[in-house]
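A quick write-up on the structure given underneath.
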There are 2 protein chains.
Amino acid sequence: MSAKQPTIKEIAKRLNISISTVSRALHDHPSIGLRTKTRVKELASELMYEPNQAAIFFQQRKTFTIGVILPFLSEAFFSAAISGIEDVAGKNQYTVLLGQSRDDAEREKQIIDTMKKHRVDGLLISISKHTTSYEHFEMLKRSGIPLVFFDCIPNMPDIHYVACNMVSGTVQATSFLLKNGHRVIGLINGPEKLYASKQRKEGYQIAMSKHRLKYDPSLIVNSDLTKESNCEATRQLLLHKRKVTAIVTFNDYVALDAMQYAHDQNIDLNKDLCFVSYANLPLAQHLKYAPMASVEQHPYLQGQKAAEMLVELLGKKEDEKETPGSYKIIVDSQLMVYNI
Amino acid sequence: MSAKQPTIKEIAKRLNISISTVSRALHDHPSIGLRTKTRVKELASELMYEPNQAAIFFQQRKTFTIGVILPFLSEAFFSAAISGIEDVAGKNQYTVLLGQSRDDAEREKQIIDTMKKHRVDGLLISISKHTTSYEHFEMLKRSGIPLVFFDCIPNMPDIHYVACNMVSGTVQATSFLLKNGHRVIGLINGPEKLYASKQRKEGYQIAMSKHRLKYDPSLIVNSDLTKESNCEATRQLLLHKRKVTAIVTFNDYVALDAMQYAHDQNIDLNKDLCFVSYANLPLAQHLKYAPMASVEQHPYLQGQKAAEMLVELLGKKEDEKETPGSYKIIVDSQLMVYNI
DNA sequence: CTGTTAGCGCGTTCAT
DNA sequence: ATGAACGCGCTAACAG
């Protein structure tokens, strides 16, 4: 029933002209007679001709597809980021091939393989929490597939990336608490190896020294970000010999667990114990307990910037890939104080 | 630097054998000598040869790509659904091309065009709230691109789809309230034209008549699902001449707005006024106010089933597309009572 | 202005 | 057991 897609060949045959004439007519090539041009175009639309992109992609060695690999779409941060990516991609005629690593290094690797097979033109990656080996990224580089990391970036030399300056964000967060009179401030950090954790730690330290307060390492506890670990971390801080009056948490999910735990210990939230976090969560106003303030990481913007960077790399590629350096964009994070 | 991808042609030249021999060797064709086979394979892996899928796709007239179009990834329902889709797709060697319609009919249409251009093998769509014309879907059908709808499906004949039985879900929800002694139950429904709204209305009516209660149309109010509209709907129900003691809401987002509004009117939630909703939201335990119960729609499962259906259609296509009928899968929704 | 030809990378007959 | 040749749909370099 559904007639198979017509080709320029078909059109050429029917019109008794050559294939290339048809091709040129369709492309408004200047050297085609108006008469033939209209004839071609009419028949084309009559037949509902549509160029076979697969063929074009093939011969142009380009798929106009960019792969996006990220941990979880269910995290608001990423669903916002991918919207930014999608918008930029679409504006530049690219489509988005999706892959969720689910924070599984093996899965991430496999997705990369698949994407490579599909000959994506470039890749946008926010690496999984558990990715420790970076071979597959190196491999991509060697294959000449441009790669831009965003948000969660690997500790590798010469990479392109977009990330948030979590150092300054954490300085803001901690300073906010200090200005509000808190002196003993805990930090529930993520896994120690994570770059994101290092930045938070650094920001915390900077803020402390700025206020001429001694940095107490025991006020920083690491969590592997499971609920249990988050609660355990909270417990530790609550048992600290000094009275902790405020806590900065690695992200909102940690904050929720911590606040829940503290509340269950009959602690008056955001009074006896204040929380400041990093905004990954929507619905703040509908939450039972919300942190007093949250560091906004601008996910949509990060996605946008990363996609723009990639698109630029893709454009440049044809001419000269002589720029071996690395592009970096640091998006400023900023503390948002909730007025609830 | 990065050597361009080697081809079988390249390998053939180096080994002084023909292209087709290389091709066959790589495919373990029985009629290739063990000796040449190993030689080929060795060189191939040495050069890190990888078949150019773009070329293969092209000549096989297949991209092994399925397009997924849905309103918002930021809604938990959809991010869960796409995970189900991704898993099934991956298991069957398909990749997922993503497009968010943002509930914009025009955008939806344009995404479909792009996907068609990209020659996706099939499409999975949850239509936007504002899609009223179905031409583009018809067009796809005519092009021979298999189409499976999920969750939000258009009112069209002969379509394949996976959806949740919201009628029975609503019957359960309403009955739950009736069993708990409520007699005057409001329903904040979505836009009237939506199939999802019709189902909810129907379920509401069925539950009422099952309990031999008279159906009062004025207890059903429509919302366009904006915050304002949700609050206005709530207001109407609160002003109802009969005392409304329970409300079924179109979804969790509506419920949140409604509960917030009611709370601001000094109403004791889930006591003076009970809420039951449809589960689109995670973090239920962290919410300030949560409905007493929620109808689970099994998004992951719906995504899975829809993808499986599409994969099957894609497999069948080659042989005979003689089955013009339509596949339907109704996933049972079920009421989850929160024990908070 | 238009036609001819070649080639993109691969699978697939059809020969040998 | 291997090679030559063709075609998928399209673009582009090269003739007229």
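Chain identifiers are assigned as A, B, and so on, following the order in which chains appear in the structure tokens; residues are numbered from 1 within each chain, and ligands are numbered from 1 in order of appearance.
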field: DSSP-assigned helix (DSSP H, G or I) members of stretch 84-305 of chain A, reported as an NGL selection string
entry: :A and (84-91 or 105-117 or 135-143 or 166-179 or 195-210 or 217-219 or 227-238 or 252-264 or 284-286 or 299-305)
Kindly assemble as a tab-separated table a list of the chain A residues that lie within 10 Å of chain C, each paired with its nearest atom pair and their distance in Å to one decimal, using only C-alpha atoms (C1' of nucleotides), sorted first by chain and then by ascending residue number.
```
residue	atom	partner	partner_atom	distance
A:Ile17	CA	C:DG3	C1'	8.3
A:Ser18	CA	C:DG3	C1'	6.3
A:Ile19	CA	C:DG3	C1'	8.8
A:Ser20	CA	C:DG3	C1'	7.9
A:Thr21	CA	C:DT2	C1'	6.7
A:Pro30	CA	C:DC1	C1'	9.4
A:Ser31	CA	C:DC1	C1'	5.8
A:Ile32	CA	C:DC1	C1'	5.9
A:Gly33	CA	C:DC1	C1'	6.4
A:Ala55	CA	C:DC8	C1'	9.2
A:Ile56	CA	C:DC8	C1'	9.5
A:Phe57	CA	C:DC8	C1'	9.8
A:Phe58	CA	C:DC8	C1'	6.8
A:Gln59	CA	C:DC8	C1'	4.6
A:Gln60	CA	C:DC8	C1'	7.7
A:Arg61	CA	C:DC8	C1'	8.0
```
task: Compile the contact shell of B:His286 as an MDAnalysis selection string: residues with an atom at most 9 Å away, counting only C-alpha atoms (C1' of nucleotides), same-chain residues fewer than 6 positions apart removed.
output: chainID A and resid 256:257 260 286:289
Sorted by chain and rising residue number, list the residues of chain A at most 8 Å from chain B (counting only C-alpha atoms), each with its closest atom pair and distance in Å to one decimal, as JSON lines.
```
{"residue": "A:Ser2", "atom": "CA", "partner": "B:Arg142", "partner_atom": "CA", "distance": 5.3}
{"residue": "A:Ala3", "atom": "CA", "partner": "B:Ser143", "partner_atom": "CA", "distance": 7.5}
{"residue": "A:Lys4", "atom": "CA", "partner": "B:Ser143", "partner_atom": "CA", "distance": 7.5}
{"residue": "A:Gln5", "atom": "CA", "partner": "B:Ser143", "partner_atom": "CA", "distance": 7.4}
{"residue": "A:Glu50", "atom": "CA", "partner": "B:Lys117", "partner_atom": "CA", "distance": 7.7}
{"residue": "A:Pro51", "atom": "CA", "partner": "B:Lys117", "partner_atom": "CA", "distance": 7.7}
{"residue": "A:Asn52", "atom": "CA", "partner": "B:Lys117", "partner_atom": "CA", "distance": 7.2}
{"residue": "A:Gln53", "atom": "CA", "partner": "B:His118", "partner_atom": "CA", "distance": 5.9}
{"residue": "A:Ala54", "atom": "CA", "partner": "B:Phe58", "partner_atom": "CA", "distance": 5.5}
{"residue": "A:Ala55", "atom": "CA", "partner": "B:Phe58", "partner_atom": "CA", "distance": 5.8}
{"residue": "A:Phe57", "atom": "CA", "partner": "B:Ala54", "partner_atom": "CA", "distance": 7.3}
{"residue": "A:Phe58", "atom": "CA", "partner": "B:Ala54", "partner_atom": "CA", "distance": 5.5}
{"residue": "A:Thr63", "atom": "CA", "partner": "B:Ala54", "partner_atom": "CA", "distance": 7.7}
{"residue": "A:Leu73", "atom": "CA", "partner": "B:Ser79", "partner_atom": "CA", "distance": 5.7}
{"residue": "A:Ser74", "atom": "CA", "partner": "B:Ser79", "partner_atom": "CA", "distance": 5.3}
{"residue": "A:Ala76", "atom": "CA", "partner": "B:Ser74", "partner_atom": "CA", "distance": 6.1}
{"residue": "A:Ser79", "atom": "CA", "partner": "B:Ser74", "partner_atom": "CA", "distance": 5.3}
{"residue": "A:Ala80", "atom": "CA", "partner": "B:Ser74", "partner_atom": "CA", "distance": 6.9}
{"residue": "A:Ser83", "atom": "CA", "partner": "B:Gln100", "partner_atom": "CA", "distance": 7.8}
{"residue": "A:Glu86", "atom": "CA", "partner": "B:Gly99", "partner_atom": "CA", "distance": 7.5}
{"residue": "A:Thr95", "atom": "CA", "partner": "B:Leu97", "partner_atom": "CA", "distance": 7.1}
{"residue": "A:Val96", "atom": "CA", "partner": "B:Leu98", "partner_atom": "CA", "distance": 5.7}
{"residue": "A:Leu97", "atom": "CA", "partner": "B:Leu97", "partner_atom": "CA", "distance": 4.5}
{"residue": "A:Leu98", "atom": "CA", "partner": "B:Val96", "partner_atom": "CA", "distance": 5.7}
{"residue": "A:Gly99", "atom": "CA", "partner": "B:Glu86", "partner_atom": "CA", "distance": 7.5}
{"residue": "A:Gln100", "atom": "CA", "partner": "B:Ser83", "partner_atom": "CA", "distance": 7.8}
{"residue": "A:Thr114", "atom": "CA", "partner": "B:Thr95", "partner_atom": "CA", "distance": 7.9}
{"residue": "A:Lys117", "atom": "CA", "partner": "B:Gln53", "partner_atom": "CA", "distance": 5.9}
{"residue": "A:His118", "atom": "CA", "partner": "B:Gln53", "partner_atom": "CA", "distance": 5.8}
{"residue": "A:Arg119", "atom": "CA", "partner": "B:Ala54", "partner_atom": "CA", "distance": 6.7}
{"residue": "A:Lys141", "atom": "CA", "partner": "B:Ser2", "partner_atom": "CA", "distance": 7.9}
{"residue": "A:Arg142", "atom": "CA", "partner": "B:Ser2", "partner_atom": "CA", "distance": 5.2}
{"residue": "A:Ser143", "atom": "CA", "partner": "B:Ser2", "partner_atom": "CA", "distance": 6.0}
{"residue": "A:Gly144", "atom": "CA", "partner": "B:Ser2", "partner_atom": "CA", "distance": 5.7}
{"residue": "A:Leu256", "atom": "CA", "partner": "B:His286", "partner_atom": "CA", "distance": 7.0}
{"residue": "A:Gln260", "atom": "CA", "partner": "B:His286", "partner_atom": "CA", "distance": 8.0}
{"residue": "A:His286", "atom": "CA", "partner": "B:Lys288", "partner_atom": "CA", "distance": 5.6}
{"residue": "A:Leu287", "atom": "CA", "partner": "B:Leu287", "partner_atom": "CA", "distance": 4.3}
{"residue": "A:Lys288", "atom": "CA", "partner": "B:Lys288", "partner_atom": "CA", "distance": 3.6}
{"residue": "A:Tyr289", "atom": "CA", "partner": "B:Lys288", "partner_atom": "CA", "distance": 7.3}
```
Selection near stretch 185-191 of chain A, 8 Å with only C-alpha atoms (C1' of nucleotides), sequence-local residues under 4 positions removed, as a ChimeraX atom specification: /A:174,177,196-197,200-201,204,219-225,230,233-234,237,244-250,254
Requested write-out: N, CA and C atoms of the selected residues, as a short mmCIF file (atom, residue, chain, number, x, y, z; two decimals), in the first residue's frame:
```
data_model
loop_
_atom_site.label_atom_id
_atom_site.label_comp_id
_atom_site.auth_asym_id
_atom_site.auth_seq_id
_atom_site.Cartn_x
_atom_site.Cartn_y
_atom_site.Cartn_z
N THR A 174 28.67 28.45 52.17
CA THR A 174 29.25 28.43 53.51
C THR A 174 29.26 29.84 54.11
N LEU A 177 26.04 30.91 55.60
CA LEU A 177 25.82 30.38 56.94
C LEU A 177 26.66 31.13 57.97
N ALA A 196 33.71 16.75 41.97
CA ALA A 196 32.68 17.59 42.58
C ALA A 196 32.88 17.67 44.09
N SER A 197 33.33 16.60 44.68
CA SER A 197 33.55 16.59 46.13
C SER A 197 34.75 17.45 46.48
N ARG A 200 33.82 21.07 46.44
CA ARG A 200 33.04 21.49 47.59
C ARG A 200 33.92 21.65 48.82
N LYS A 201 34.81 20.69 48.97
CA LYS A 201 35.72 20.75 50.10
C LYS A 201 36.55 22.03 50.03
N TYR A 204 34.56 25.08 50.85
CA TYR A 204 34.31 25.11 52.29
C TYR A 204 35.51 25.68 53.02
N LEU A 219 34.71 17.97 60.51
CA LEU A 219 33.37 18.47 60.20
C LEU A 219 32.95 18.11 58.78
N ILE A 220 33.89 17.51 58.05
CA ILE A 220 33.53 17.05 56.70
C ILE A 220 33.39 15.53 56.72
N VAL A 221 32.24 15.05 56.35
CA VAL A 221 32.05 13.60 56.28
C VAL A 221 31.64 13.24 54.85
N ASN A 222 32.08 12.08 54.43
CA ASN A 222 31.76 11.64 53.07
C ASN A 222 30.60 10.67 53.07
N SER A 223 29.79 10.79 52.05
CA SER A 223 28.67 9.85 51.88
C SER A 223 28.78 9.27 50.48
N ASP A 224 28.34 8.03 50.35
CA ASP A 224 28.33 7.47 49.00
C ASP A 224 26.99 7.78 48.33
N LEU A 225 26.22 8.62 48.97
CA LEU A 225 24.99 9.17 48.41
C LEU A 225 23.80 8.23 48.43
N ASN A 230 23.77 8.69 53.69
CA ASN A 230 23.42 10.07 53.99
C ASN A 230 23.01 10.22 55.45
N ALA A 233 25.97 9.81 57.75
CA ALA A 233 26.79 11.03 57.75
C ALA A 233 26.15 12.08 58.66
N THR A 234 24.85 12.20 58.56
CA THR A 234 24.15 13.16 59.40
C THR A 234 24.33 12.81 60.87
N LEU A 237 27.63 13.85 62.21
CA LEU A 237 27.73 15.28 62.47
C LEU A 237 26.96 15.67 63.73
N VAL A 244 27.15 21.20 66.06
CA VAL A 244 26.97 21.62 64.67
C VAL A 244 25.63 22.33 64.53
N THR A 245 25.65 23.54 64.02
CA THR A 245 24.39 24.28 63.90
C THR A 245 23.95 24.44 62.46
N ALA A 246 24.81 24.03 61.54
CA ALA A 246 24.42 24.14 60.13
C ALA A 246 25.18 23.10 59.31
N ILE A 247 24.54 22.68 58.25
CA ILE A 247 25.16 21.66 57.40
C ILE A 247 25.01 22.04 55.92
N VAL A 248 26.11 21.91 55.22
CA VAL A 248 26.07 22.04 53.77
C VAL A 248 26.05 20.63 53.21
N THR A 249 25.12 20.35 52.33
CA THR A 249 25.05 18.98 51.81
C THR A 249 25.43 18.93 50.33
N PHE A 250 25.92 17.78 49.94
CA PHE A 250 26.43 17.58 48.58
C PHE A 250 25.41 17.92 47.51
N VAL A 254 20.68 14.49 49.16
CA VAL A 254 21.34 14.30 50.44
C VAL A 254 20.65 15.15 51.51
#
```
Counting only C-alpha atoms (C1' of nucleotides), which residues in chain D sit no more than 12 Å from chain B? For each one, give the nearest pair of atoms and the distance in Å, sorted by chain then residue number, as CSV.
```
residue,atom,partner,partner_atom,distance
D:DA1,C1',B:Ile32,CA,5.8
D:DT2,C1',B:Thr21,CA,6.6
D:DG3,C1',B:Ser18,CA,6.0
D:DA4,C1',B:Ser18,CA,8.8
D:DA5,C1',B:Ser20,CA,10.8
D:DG7,C1',B:Gln59,CA,8.7
D:DC8,C1',B:Gln59,CA,4.7
D:DG9,C1',B:Phe58,CA,8.6
D:DC10,C1',B:Phe58,CA,11.2
```
Keeping only N, CA and C atoms (P, O5', C5', C4', C3', O3' and C1' of nucleotides), write the selected residues to a file as a PDB file, in the first residue's frame.
```pdb
ATOM      1  P    DA D   1      36.672 -24.192   0.997  1.00  0.00           P
ATOM      2  O5'  DA D   1      37.552 -22.844   1.014  1.00  0.00           O
ATOM      3  C5'  DA D   1      38.937 -22.937   0.902  1.00  0.00           C
ATOM      4  C4'  DA D   1      39.402 -21.964  -0.145  1.00  0.00           C
ATOM      5  C3'  DA D   1      39.318 -20.503   0.284  1.00  0.00           C
ATOM      6  O3'  DA D   1      40.536 -19.862  -0.076  1.00  0.00           O
ATOM      7  C1'  DA D   1      38.123 -20.803  -1.746  1.00  0.00           C
ATOM      8  P    DT D   2      40.809 -18.453   0.326  1.00  0.00           P
ATOM      9  O5'  DT D   2      40.222 -17.659  -0.900  1.00  0.00           O
ATOM     10  C5'  DT D   2      41.111 -17.127  -1.860  1.00  0.00           C
ATOM     11  C4'  DT D   2      40.323 -16.557  -2.986  1.00  0.00           C
ATOM     12  C3'  DT D   2      40.033 -15.069  -2.899  1.00  0.00           C
ATOM     13  O3'  DT D   2      40.985 -14.396  -3.689  1.00  0.00           O
ATOM     14  C1'  DT D   2      38.288 -16.302  -3.935  1.00  0.00           C
ATOM     15  P    DG D   3      41.101 -12.846  -3.523  1.00  0.00           P
ATOM     16  O5'  DG D   3      40.466 -12.343  -4.897  1.00  0.00           O
ATOM     17  C5'  DG D   3      40.616 -13.153  -6.030  1.00  0.00           C
ATOM     18  C4'  DG D   3      39.732 -12.658  -7.155  1.00  0.00           C
ATOM     19  C3'  DG D   3      39.483 -11.147  -7.155  1.00  0.00           C
ATOM     20  O3'  DG D   3      39.530 -10.681  -8.498  1.00  0.00           O
ATOM     21  C1'  DG D   3      37.414 -12.272  -7.095  1.00  0.00           C
ATOM     22  P    DA D   4      39.611  -9.156  -8.842  1.00  0.00           P
ATOM     23  O5'  DA D   4      38.523  -9.032  -9.994  1.00  0.00           O
ATOM     24  C5'  DA D   4      37.918 -10.185 -10.552  1.00  0.00           C
ATOM     25  C4'  DA D   4      36.636  -9.790 -11.290  1.00  0.00           C
ATOM     26  C3'  DA D   4      36.460  -8.292 -11.489  1.00  0.00           C
ATOM     27  O3'  DA D   4      35.782  -8.099 -12.717  1.00  0.00           O
ATOM     28  C1'  DA D   4      34.733  -9.100 -10.080  1.00  0.00           C
ATOM     29  P    DA D   5      35.317  -6.685 -13.181  1.00  0.00           P
ATOM     30  O5'  DA D   5      33.812  -6.673 -12.655  1.00  0.00           O
ATOM     31  C5'  DA D   5      32.974  -7.796 -12.930  1.00  0.00           C
ATOM     32  C4'  DA D   5      31.533  -7.430 -12.597  1.00  0.00           C
ATOM     33  C3'  DA D   5      31.225  -5.951 -12.799  1.00  0.00           C
ATOM     34  O3'  DA D   5      29.887  -5.843 -13.271  1.00  0.00           O
ATOM     35  C1'  DA D   5      30.841  -6.513 -10.553  1.00  0.00           C
ATOM     36  P    DG D   7      23.575  -2.549 -11.440  1.00  0.00           P
ATOM     37  O5'  DG D   7      22.931  -2.222 -10.025  1.00  0.00           O
ATOM     38  C5'  DG D   7      22.440  -3.286  -9.195  1.00  0.00           C
ATOM     39  C4'  DG D   7      22.197  -2.737  -7.808  1.00  0.00           C
ATOM     40  C3'  DG D   7      21.715  -1.276  -7.799  1.00  0.00           C
ATOM     41  O3'  DG D   7      20.636  -1.147  -6.896  1.00  0.00           O
ATOM     42  C1'  DG D   7      23.650  -1.478  -6.464  1.00  0.00           C
ATOM     43  P    DC D   8      19.702   0.118  -7.029  1.00  0.00           P
ATOM     44  O5'  DC D   8      19.460   0.570  -5.536  1.00  0.00           O
ATOM     45  C5'  DC D   8      19.386  -0.352  -4.443  1.00  0.00           C
ATOM     46  C4'  DC D   8      19.847   0.366  -3.183  1.00  0.00           C
ATOM     47  C3'  DC D   8      19.694   1.879  -3.282  1.00  0.00           C
ATOM     48  O3'  DC D   8      18.476   2.272  -2.637  1.00  0.00           O
ATOM     49  C1'  DC D   8      21.835   1.238  -2.365  1.00  0.00           C
ATOM     50  P    DG D   9      17.424   3.185  -3.401  1.00  0.00           P
ATOM     51  O5'  DG D   9      18.038   4.639  -3.200  1.00  0.00           O
ATOM     52  C5'  DG D   9      18.025   5.216  -1.909  1.00  0.00           C
ATOM     53  C4'  DG D   9      18.801   6.514  -1.950  1.00  0.00           C
ATOM     54  C3'  DG D   9      18.304   7.495  -3.013  1.00  0.00           C
ATOM     55  O3'  DG D   9      17.983   8.710  -2.364  1.00  0.00           O
ATOM     56  C1'  DG D   9      20.662   7.194  -3.168  1.00  0.00           C
ATOM     57  P    DC D  10      17.719  10.038  -3.172  1.00  0.00           P
ATOM     58  O5'  DC D  10      19.161  10.684  -3.158  1.00  0.00           O
ATOM     59  C5'  DC D  10      19.830  10.831  -1.904  1.00  0.00           C
ATOM     60  C4'  DC D  10      21.230  11.315  -2.108  1.00  0.00           C
ATOM     61  C3'  DC D  10      21.343  12.564  -2.973  1.00  0.00           C
ATOM     62  O3'  DC D  10      21.676  13.666  -2.147  1.00  0.00           O
ATOM     63  C1'  DC D  10      22.989  10.931  -3.534  1.00  0.00           C
TER      64       DC D  10
END
```
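Residues of stretch 14-124 of chain B that DSSP places in strand (DSSP E), based on the backbone of this structure, are Thr65, Ile66, Gly67, Val68, Ile69, Leu70, Thr95, Val96, Leu97, Leu98, Gly99, Gln100, Gly122, Leu123 and Leu124 of chain B.
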If you keep N, CA and C atoms, can you produce a file of those selected residues as an mmCIF file, in the first residue's frame?
```cif
data_model
loop_
_atom_site.group_PDB
_atom_site.id
_atom_site.type_symbol
_atom_site.label_atom_id
_atom_site.label_comp_id
_atom_site.auth_asym_id
_atom_site.auth_seq_id
_atom_site.Cartn_x
_atom_site.Cartn_y
_atom_site.Cartn_z
ATOM 1 N N THR B 65 17.354 2.771 14.576
ATOM 2 C CA THR B 65 17.082 3.899 15.448
ATOM 3 C C THR B 65 15.578 4.043 15.619
ATOM 4 N N ILE B 66 15.122 4.201 16.848
ATOM 5 C CA ILE B 66 13.717 4.505 17.020
ATOM 6 C C ILE B 66 13.574 5.877 17.661
ATOM 7 N N GLY B 67 12.639 6.616 17.159
ATOM 8 C CA GLY B 67 12.411 7.947 17.685
ATOM 9 C C GLY B 67 11.435 7.899 18.844
ATOM 10 N N VAL B 68 11.694 8.687 19.848
ATOM 11 C CA VAL B 68 10.773 8.774 20.978
ATOM 12 C C VAL B 68 10.379 10.235 21.153
ATOM 13 N N ILE B 69 9.103 10.484 21.078
ATOM 14 C CA ILE B 69 8.624 11.857 21.233
ATOM 15 C C ILE B 69 7.671 11.919 22.416
ATOM 16 N N LEU B 70 7.987 12.771 23.335
ATOM 17 C CA LEU B 70 7.133 12.906 24.515
ATOM 18 C C LEU B 70 7.159 14.345 24.980
ATOM 19 N N THR B 95 18.796 2.096 18.874
ATOM 20 C CA THR B 95 19.135 3.251 19.691
ATOM 21 C C THR B 95 17.947 4.203 19.711
ATOM 22 N N VAL B 96 18.007 5.134 20.630
ATOM 23 C CA VAL B 96 16.865 6.010 20.869
ATOM 24 C C VAL B 96 17.165 7.452 20.485
ATOM 25 N N LEU B 97 16.389 7.954 19.566
ATOM 26 C CA LEU B 97 16.492 9.354 19.180
ATOM 27 C C LEU B 97 15.424 10.109 19.959
ATOM 28 N N LEU B 98 15.835 11.172 20.625
ATOM 29 C CA LEU B 98 14.922 11.820 21.554
ATOM 30 C C LEU B 98 14.347 13.127 21.051
ATOM 31 N N GLY B 99 13.096 13.375 21.395
ATOM 32 C CA GLY B 99 12.505 14.669 21.103
ATOM 33 C C GLY B 99 11.431 15.028 22.111
ATOM 34 N N GLN B 100 11.555 16.205 22.712
ATOM 35 C CA GLN B 100 10.532 16.658 23.648
ATOM 36 C C GLN B 100 9.619 17.666 22.950
ATOM 37 N N GLY B 122 11.235 3.417 13.410
ATOM 38 C CA GLY B 122 9.898 3.451 13.986
ATOM 39 C C GLY B 122 9.811 4.566 15.011
ATOM 40 N N LEU B 123 8.609 4.802 15.476
ATOM 41 C CA LEU B 123 8.390 5.942 16.366
ATOM 42 C C LEU B 123 7.526 5.552 17.570
ATOM 43 N N LEU B 124 7.904 6.104 18.691
ATOM 44 C CA LEU B 124 7.130 5.933 19.919
ATOM 45 C C LEU B 124 6.688 7.324 20.349
#
```
query: Any idea what's packed within 9 Å of A:Ser175, counting only C-alpha atoms (C1' of nucleotides), ignoring anything in its chain fewer than 2 positions away? Could you give it as a VMD selection string?
result: chain A and resid 170 to 173 177 to 180 204 207 to 208 210 to 211
How would the residues just picked look written out with N, CA and C atoms as a compact mmCIF listing (two decimals), in the first residue's frame?
```txt
# COMPACT_ATOMS: atom_id res chain seq x y z
N THR A 170 30.19 26.84 46.69
CA THR A 170 30.31 26.39 48.07
C THR A 170 30.80 27.51 48.98
N VAL A 171 31.66 28.35 48.43
CA VAL A 171 32.08 29.51 49.22
C VAL A 171 30.85 30.34 49.58
N GLN A 172 30.02 30.58 48.58
CA GLN A 172 28.80 31.35 48.83
C GLN A 172 27.93 30.68 49.88
N ALA A 173 27.75 29.38 49.71
CA ALA A 173 26.86 28.64 50.62
C ALA A 173 27.38 28.72 52.04
N LEU A 177 26.04 30.91 55.60
CA LEU A 177 25.82 30.38 56.94
C LEU A 177 26.66 31.13 57.97
N LEU A 178 27.88 31.41 57.60
CA LEU A 178 28.76 32.13 58.52
C LEU A 178 28.20 33.51 58.84
N LYS A 179 27.72 34.16 57.80
CA LYS A 179 27.14 35.49 58.02
C LYS A 179 25.93 35.43 58.92
N ASN A 180 25.24 34.32 58.86
CA ASN A 180 24.07 34.17 59.72
C ASN A 180 24.46 33.71 61.13
N TYR A 204 34.56 25.08 50.85
CA TYR A 204 34.31 25.11 52.29
C TYR A 204 35.51 25.68 53.02
N ALA A 207 36.01 29.44 52.37
CA ALA A 207 35.07 30.27 53.13
C ALA A 207 35.50 30.38 54.58
N MET A 208 35.94 29.25 55.12
CA MET A 208 36.38 29.25 56.52
C MET A 208 37.55 30.20 56.73
N LYS A 210 38.51 32.61 54.90
CA LYS A 210 38.10 33.99 54.66
C LYS A 210 37.57 34.62 55.93
N HIS A 211 36.87 33.81 56.69
CA HIS A 211 36.28 34.32 57.93
C HIS A 211 37.21 34.07 59.11
```
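Distance check against B:Val184 using only C-alpha atoms: of B:Ile159, B:Ile329, B:Leu238, B:Leu301, the minimum falls on B:Leu238.
Counting from atom CA of B:Lys328, the distance to atom CA of B:Tyr161 is 5.0 Å.
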- prompt: Within 9 Å of B:Asp104, counting only C-alpha atoms (C1' of nucleotides), which residues qualify if same-chain residues fewer than 4 places away don't, as a ChimeraX atom specification?
  reply: /B:71,108-109,128-131
Produce a file of the selected residues containing C-alpha atoms, as a PDB file, in the first residue's frame.
```
ATOM      1  CA  PRO B  71       6.074  16.120  26.213  1.00  0.00           C
ATOM      2  CA  GLU B 108       5.783  17.915  17.935  1.00  0.00           C
ATOM      3  CA  LYS B 109       5.109  18.102  14.259  1.00  0.00           C
ATOM      4  CA  SER B 128       1.229  16.585  23.483  1.00  0.00           C
ATOM      5  CA  LYS B 129      -1.725  17.974  25.387  1.00  0.00           C
ATOM      6  CA  HIS B 130      -2.322  20.493  22.668  1.00  0.00           C
ATOM      7  CA  THR B 131      -2.199  18.245  19.659  1.00  0.00           C
TER       8      THR B 131
END
```
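We find atom C1' of D:DT11 and atom CA of A:Ala25 to be spaced 12.7 Å apart.
Proximity of A:Ser126, A:Ser294, A:Asn92, A:Thr38 to A:Asn280, computed with only C-alpha atoms, is greatest for A:Ser294.
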message: When you look at B:Val295 with a cut-off of 6 Å (counting only C-alpha atoms (C1' of nucleotides)), what residues show up, excluding the ones that are within fewer than 2 positions of it in the same chain? I need them as a ChimeraX atom specification.
response: /B:278-279,334-336
